[in-house]
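**Q** Pasting a structure below so you can have a look.
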Amino acid sequence: MALGAEASGRLAALLRDNAEQVTKRWTEIVAASLRGRLSQAELRRQLEELHRALVATGEQGTIDLDTEHATELRAVLAELSRGWARQGFSATETAIAVFALKDALLELIEARGGEGALRDYVAFAGLIDQMGLFTFESFVRTRESLIADQAEQLLELSTPVVKLWEGVVAVPLVGTLDSARAQVVMERLLQTLVDTGSPYAIIDITGVPAVDTQVAQHILKTVVAARLMGADCIISGIRPQIAQTIVALGIEFGDIATKASLADALRHVLRLSGVETARRQSRRDA
Amino acid sequence: MTAGVDLGHPQAQAIQSDEDVVRVRQLVRTVAVAAKLSLVDQTKLVTAASELARNTLVYGGGGTVEVTTVDNGRRRGVRILFADSGPGIVDLDLALTDGYTTGGGLGLGLSGARRLVDEFEIDTGAGKGTRVTVTKWAR
């Protein structure tokens, strides 16, 4: 809802003439809802900035968030909600920061009294609602971009290829293995095989909650690709419930070696590559 | 008709993207844990749901899923209904054959899902969409 030119002027004048009182009361109300998670001084600074932008916009005439001359006001609101979203404040808390201006204004208008007081307050409240909604939207946008960033980071994070031994690399898979991740895993693994010249690769699926036909197909393709490059693949981390599910589904791993744990797989590979492992005798037995 | 009384409201979820398939898995796991299915049965049901949800998405062009806790007087279980209004399955026997696929998969999804659950019902035909109902009982 836009605020007419006249009302805007009155609001700007009201805010300007009582700047100290309004920002002080505004800060108090918001601070109470935040319970000390943002310092009073910092909060005061942010609200004063918003106050300034609101006065500046009001002095130029109609306050409407959709128009050209409200650009600064929009920027200040967006900046505030972005900052709060990143600091982990909730959407409600961020919106309350704007809505609290209503309470501060109401006290002012009540004290002043006069004929158009009620009409003015309703008009002002409408504008503040619009500002609150705008804050809310920027807040959600910020959160969404945060989530998208994190999803991207997860894709990077969750697919490390680690060297377990001379000539043995392992990929510990964690979470859901969709096509995008399967592609990343396969590329990483094949590249690491080339870089390290390893003849053995272990794919560990301990962290994969459910192995369905799609996941199995991705793993099988990775194994076949690794074989084409001359490397042997072992699948480890097959838990009892996964084994039973794979059998019921009818998936066949053919001649691909599978082991219950990563340790078993490593022992298997070391034996294949001719590394002798022996348990050291304890002193008492000697 | 499968036996059993519905307990509580079914939880619905749309299947329109790969992310939705992940959500279906999580929803089914939550309900299965609440219905006290064993870890093996949870995993089997989640895997079956994953297969059927992907079929709904890939072959049915998207659809919906409904997950309900059921009780037949002696045991509790979880019932899942997958529905789409896609082209339907023309030859059901062929579709339920191991290794048969019209996509690029292993051809084990539908037949495998049937082996993973206790009750399996499918209502389909050319041009009438597909409705698959599966139930897994707690032991």
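Labels for the structure tokens follow display order: chains A, B, ..., residues from 1 in each chain, ligands from 1.
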Distance limit 7 Å, atoms considered: only C-alpha atoms. Which chain B residues sit that close to chain A? Return them as a PDB file with N, CA and C atoms, in the first residue's frame.
**A**
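Final output, out_13.pdb:
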ATOM      1  N   LEU B  39      14.791 -52.450  11.308  1.00  0.00           N
ATOM      2  CA  LEU B  39      15.720 -51.716  10.450  1.00  0.00           C
ATOM      3  C   LEU B  39      15.743 -52.302   9.042  1.00  0.00           C
ATOM      4  N   VAL B  40      15.703 -53.646   8.952  1.00  0.00           N
ATOM      5  CA  VAL B  40      15.712 -54.294   7.639  1.00  0.00           C
ATOM      6  C   VAL B  40      14.443 -53.934   6.861  1.00  0.00           C
ATOM      7  N   THR B  43      14.484 -50.345   5.663  1.00  0.00           N
ATOM      8  CA  THR B  43      15.344 -50.176   4.501  1.00  0.00           C
ATOM      9  C   THR B  43      14.670 -50.730   3.250  1.00  0.00           C
ATOM     10  N   LYS B  44      14.004 -51.887   3.401  1.00  0.00           N
ATOM     11  CA  LYS B  44      13.316 -52.487   2.249  1.00  0.00           C
ATOM     12  C   LYS B  44      12.199 -51.571   1.754  1.00  0.00           C
ATOM     13  N   THR B  47      13.542 -48.433   0.120  1.00  0.00           N
ATOM     14  CA  THR B  47      14.095 -48.726  -1.196  1.00  0.00           C
ATOM     15  C   THR B  47      12.965 -48.937  -2.214  1.00  0.00           C
ATOM     16  N   SER B  50      11.513 -45.689  -3.079  1.00  0.00           N
ATOM     17  CA  SER B  50      12.422 -44.956  -3.954  1.00  0.00           C
ATOM     18  C   SER B  50      12.245 -45.402  -5.410  1.00  0.00           C
ATOM     19  N   GLU B  51      12.139 -46.727  -5.611  1.00  0.00           N
ATOM     20  CA  GLU B  51      11.946 -47.259  -6.966  1.00  0.00           C
ATOM     21  C   GLU B  51      10.630 -46.774  -7.565  1.00  0.00           C
ATOM     22  N   GLY B 105      17.378 -47.958 -17.200  1.00  0.00           N
ATOM     23  CA  GLY B 105      17.704 -48.532 -15.893  1.00  0.00           C
ATOM     24  C   GLY B 105      18.057 -50.000 -15.961  1.00  0.00           C
ATOM     25  N   LEU B 106      18.079 -50.628 -14.781  1.00  0.00           N
ATOM     26  CA  LEU B 106      18.435 -52.040 -14.709  1.00  0.00           C
ATOM     27  C   LEU B 106      17.237 -52.942 -14.992  1.00  0.00           C
ATOM     28  N   LEU B 108      14.801 -53.511 -12.855  1.00  0.00           N
ATOM     29  CA  LEU B 108      14.493 -54.262 -11.637  1.00  0.00           C
ATOM     30  C   LEU B 108      13.606 -53.482 -10.680  1.00  0.00           C
ATOM     31  N   GLY B 109      13.311 -52.227 -11.021  1.00  0.00           N
ATOM     32  CA  GLY B 109      12.599 -51.356 -10.085  1.00  0.00           C
ATOM     33  C   GLY B 109      11.236 -51.884  -9.697  1.00  0.00           C
ATOM     34  N   GLY B 112      11.442 -55.599  -8.474  1.00  0.00           N
ATOM     35  CA  GLY B 112      12.176 -55.621  -7.218  1.00  0.00           C
ATOM     36  C   GLY B 112      11.340 -55.041  -6.087  1.00  0.00           C
ATOM     37  N   ALA B 113      10.628 -53.941  -6.361  1.00  0.00           N
ATOM     38  CA  ALA B 113       9.793 -53.307  -5.343  1.00  0.00           C
ATOM     39  C   ALA B 113       8.730 -54.294  -4.862  1.00  0.00           C
ATOM     40  N   ARG B 115       9.004 -57.490  -4.634  1.00  0.00           N
ATOM     41  CA  ARG B 115       9.620 -58.468  -3.730  1.00  0.00           C
ATOM     42  C   ARG B 115       9.989 -57.859  -2.376  1.00  0.00           C
ATOM     43  N   LEU B 116      10.118 -56.519  -2.329  1.00  0.00           N
ATOM     44  CA  LEU B 116      10.555 -55.866  -1.087  1.00  0.00           C
ATOM     45  C   LEU B 116       9.424 -55.620  -0.110  1.00  0.00           C
TER      46      LEU B 116
END
**Q** Please identify which residues in region 94-264 of chain A DSSP calls strand (DSSP E or B) from the backbone, and express them as a PDB file with C-alpha atoms, in the first residue's frame.
**A**
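Saved to states_2.pdb:
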ATOM      1  CA  VAL A 162      41.462 -40.589  -0.268  1.00  0.00           C
ATOM      2  CA  LYS A 163      44.658 -42.568  -0.562  1.00  0.00           C
ATOM      3  CA  LEU A 164      44.609 -45.466   1.912  1.00  0.00           C
ATOM      4  CA  TRP A 165      47.849 -47.130   0.988  1.00  0.00           C
ATOM      5  CA  VAL A 168      45.010 -48.055  -3.014  1.00  0.00           C
ATOM      6  CA  VAL A 169      42.494 -45.196  -3.192  1.00  0.00           C
ATOM      7  CA  ALA A 170      39.069 -45.106  -1.533  1.00  0.00           C
ATOM      8  CA  VAL A 171      35.847 -43.133  -2.059  1.00  0.00           C
ATOM      9  CA  PRO A 172      33.692 -42.975   1.081  1.00  0.00           C
ATOM     10  CA  LEU A 173      30.174 -42.236  -0.188  1.00  0.00           C
ATOM     11  CA  VAL A 174      27.855 -40.448   2.240  1.00  0.00           C
ATOM     12  CA  TYR A 200      43.049 -50.606  -6.675  1.00  0.00           C
ATOM     13  CA  ALA A 201      40.010 -48.535  -5.756  1.00  0.00           C
ATOM     14  CA  ILE A 202      37.606 -49.110  -2.872  1.00  0.00           C
ATOM     15  CA  ILE A 203      34.084 -47.652  -2.986  1.00  0.00           C
ATOM     16  CA  ASP A 204      32.705 -47.509   0.545  1.00  0.00           C
ATOM     17  CA  ILE A 205      28.916 -47.209   0.865  1.00  0.00           C
ATOM     18  CA  THR A 206      28.637 -47.312   4.676  1.00  0.00           C
ATOM     19  CA  GLY A 207      27.134 -43.816   4.599  1.00  0.00           C
ATOM     20  CA  ASP A 232      40.273 -53.180  -9.722  1.00  0.00           C
ATOM     21  CA  CYS A 233      37.281 -51.970  -7.714  1.00  0.00           C
ATOM     22  CA  ILE A 234      36.046 -53.325  -4.401  1.00  0.00           C
ATOM     23  CA  ILE A 235      32.734 -52.264  -2.868  1.00  0.00           C
ATOM     24  CA  SER A 236      32.763 -52.115   0.923  1.00  0.00           C
ATOM     25  CA  ALA A 257      34.426 -58.063  -4.917  1.00  0.00           C
ATOM     26  CA  THR A 258      32.252 -56.802  -2.043  1.00  0.00           C
TER      27      THR A 258
END
**Q** Give me, as a VMD selection string, the residues of chain B that a backbone DSSP run labels alpha helix (DSSP H).
**A** chain B and resid 18 to 34 39 to 58 92 to 95 109 to 116
**Q** Those residues you just picked out, can you put them in a file as a PDB file, in the first residue's frame with C-alpha atoms?
**A**
ATOM      1  CA  ASP B  18      14.541 -35.771  -8.280  1.00  0.00           C
ATOM      2  CA  GLU B  19      14.541 -33.819  -5.001  1.00  0.00           C
ATOM      3  CA  ASP B  20      10.968 -35.000  -4.418  1.00  0.00           C
ATOM      4  CA  VAL B  21      12.132 -38.619  -4.696  1.00  0.00           C
ATOM      5  CA  VAL B  22      14.574 -37.888  -1.855  1.00  0.00           C
ATOM      6  CA  ARG B  23      11.730 -36.288   0.147  1.00  0.00           C
ATOM      7  CA  VAL B  24       9.548 -39.365  -0.418  1.00  0.00           C
ATOM      8  CA  ARG B  25      12.347 -41.560   0.940  1.00  0.00           C
ATOM      9  CA  GLN B  26      12.683 -39.373   4.033  1.00  0.00           C
ATOM     10  CA  LEU B  27       8.915 -39.261   4.584  1.00  0.00           C
ATOM     11  CA  VAL B  28       8.610 -43.047   4.265  1.00  0.00           C
ATOM     12  CA  ARG B  29      11.519 -43.590   6.635  1.00  0.00           C
ATOM     13  CA  THR B  30       9.978 -41.277   9.247  1.00  0.00           C
ATOM     14  CA  VAL B  31       6.601 -43.049   9.066  1.00  0.00           C
ATOM     15  CA  ALA B  32       8.255 -46.501   9.056  1.00  0.00           C
ATOM     16  CA  VAL B  33      10.256 -45.640  12.185  1.00  0.00           C
ATOM     17  CA  ALA B  34       7.088 -44.382  13.885  1.00  0.00           C
ATOM     18  CA  LEU B  39      15.720 -51.716  10.450  1.00  0.00           C
ATOM     19  CA  VAL B  40      15.712 -54.294   7.639  1.00  0.00           C
ATOM     20  CA  ASP B  41      12.021 -53.679   6.891  1.00  0.00           C
ATOM     21  CA  GLN B  42      12.530 -49.907   7.013  1.00  0.00           C
ATOM     22  CA  THR B  43      15.344 -50.176   4.501  1.00  0.00           C
ATOM     23  CA  LYS B  44      13.316 -52.487   2.249  1.00  0.00           C
ATOM     24  CA  LEU B  45      10.283 -50.207   2.315  1.00  0.00           C
ATOM     25  CA  VAL B  46      12.344 -47.062   1.735  1.00  0.00           C
ATOM     26  CA  THR B  47      14.095 -48.726  -1.196  1.00  0.00           C
ATOM     27  CA  ALA B  48      10.780 -49.907  -2.693  1.00  0.00           C
ATOM     28  CA  ALA B  49       9.351 -46.395  -2.263  1.00  0.00           C
ATOM     29  CA  SER B  50      12.422 -44.956  -3.954  1.00  0.00           C
ATOM     30  CA  GLU B  51      11.946 -47.259  -6.966  1.00  0.00           C
ATOM     31  CA  LEU B  52       8.221 -46.580  -7.289  1.00  0.00           C
ATOM     32  CA  ALA B  53       8.629 -42.824  -6.786  1.00  0.00           C
ATOM     33  CA  ARG B  54      11.221 -42.742  -9.540  1.00  0.00           C
ATOM     34  CA  ASN B  55       8.913 -44.745 -11.819  1.00  0.00           C
ATOM     35  CA  THR B  56       6.131 -42.251 -11.096  1.00  0.00           C
ATOM     36  CA  LEU B  57       8.490 -39.426 -12.025  1.00  0.00           C
ATOM     37  CA  VAL B  58      10.225 -40.938 -15.054  1.00  0.00           C
ATOM     38  CA  LEU B  92       1.954 -55.461 -17.060  1.00  0.00           C
ATOM     39  CA  ASP B  93       3.452 -58.969 -17.139  1.00  0.00           C
ATOM     40  CA  LEU B  94       6.274 -57.740 -19.317  1.00  0.00           C
ATOM     41  CA  ALA B  95       6.842 -54.696 -17.084  1.00  0.00           C
ATOM     42  CA  GLY B 109      12.599 -51.356 -10.085  1.00  0.00           C
ATOM     43  CA  LEU B 110       8.990 -52.527 -10.388  1.00  0.00           C
ATOM     44  CA  SER B 111       9.655 -56.250  -9.976  1.00  0.00           C
ATOM     45  CA  GLY B 112      12.176 -55.621  -7.218  1.00  0.00           C
ATOM     46  CA  ALA B 113       9.793 -53.307  -5.343  1.00  0.00           C
ATOM     47  CA  ARG B 114       7.168 -56.088  -5.425  1.00  0.00           C
ATOM     48  CA  ARG B 115       9.620 -58.468  -3.730  1.00  0.00           C
ATOM     49  CA  LEU B 116      10.555 -55.866  -1.087  1.00  0.00           C
TER      50      LEU B 116
END
**Q** Measuring between only C-alpha atoms, which one of B:Ala35, B:Ile122, B:Tyr100, B:Ile15 shows the shortest distance to Val70 (chain B)?
**A**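 Between B:Ala35, B:Ile122, B:Tyr100, B:Ile15, the residue approaching Val70 (chain B) most closely is B:Ala35.
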**Q** For a quick check of understanding, using only C-alpha atoms, which of B:Leu37, B:Thr135, B:Asp91, B:Gly127 has the smallest distance to Val78 (chain B)?
**A**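 Under the stated criterion, the closest residue is B:Thr135.
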**Q** Would you mind listing what lies within 12 Å of Gln191 (chain A) as a PyMOL selection string, with only C-alpha atoms counted and same-chain residues fewer than 2 positions away left out?
**A** chain A and resi 160-161+169+184-189+193-198+201+225-226+229+231
**Q** Name the residues in contact with region 78-94 of chain A at a cut-off of 7 Å, using only C-alpha atoms, excluding same-chain residues fewer than 4 positions from it; report them as an NGL selection string.
**A** :A and (74 or 135-136 or 138-139 or 142-143)
**Q** Atoms to include: C-alpha atoms. Write the selected residues as a PDB file, in the first residue's frame.
**A**
ATOM      1  CA  ARG A  74      14.533  -0.694  -0.433  1.00  0.00           C
ATOM      2  CA  THR A 135      11.881  -7.453   4.492  1.00  0.00           C
ATOM      3  CA  PHE A 136      10.341 -10.879   4.704  1.00  0.00           C
ATOM      4  CA  SER A 138      14.482 -10.404   1.023  1.00  0.00           C
ATOM      5  CA  PHE A 139      14.981 -12.575   4.068  1.00  0.00           C
ATOM      6  CA  THR A 142      18.841 -14.624   1.252  1.00  0.00           C
ATOM      7  CA  ARG A 143      18.065 -17.926   2.944  1.00  0.00           C
TER       8      ARG A 143
END
**Q** Skipping near chain neighbours, those fewer than 2 positions away, what residues fall within 9 Å of Ala14 (chain B) using only C-alpha atoms, listed as a list in words?
**A** Ala12, Gln16, Ser17, Asp20, Val24, Gly62, Gly63, Thr64, Val65 and Glu66 of chain B
**Q** Quick one: residues within 8 Å of Glu121 (chain B), only C-alpha atoms, excluding same-chain residues fewer than 5 positions away - as a VMD selection string?
**A** chain B and resid 132 to 134
**Q** In Å, how far is it from CA of Val55 (chain A) to CA of Gly114 (chain A)?
**A** 21.8 Å
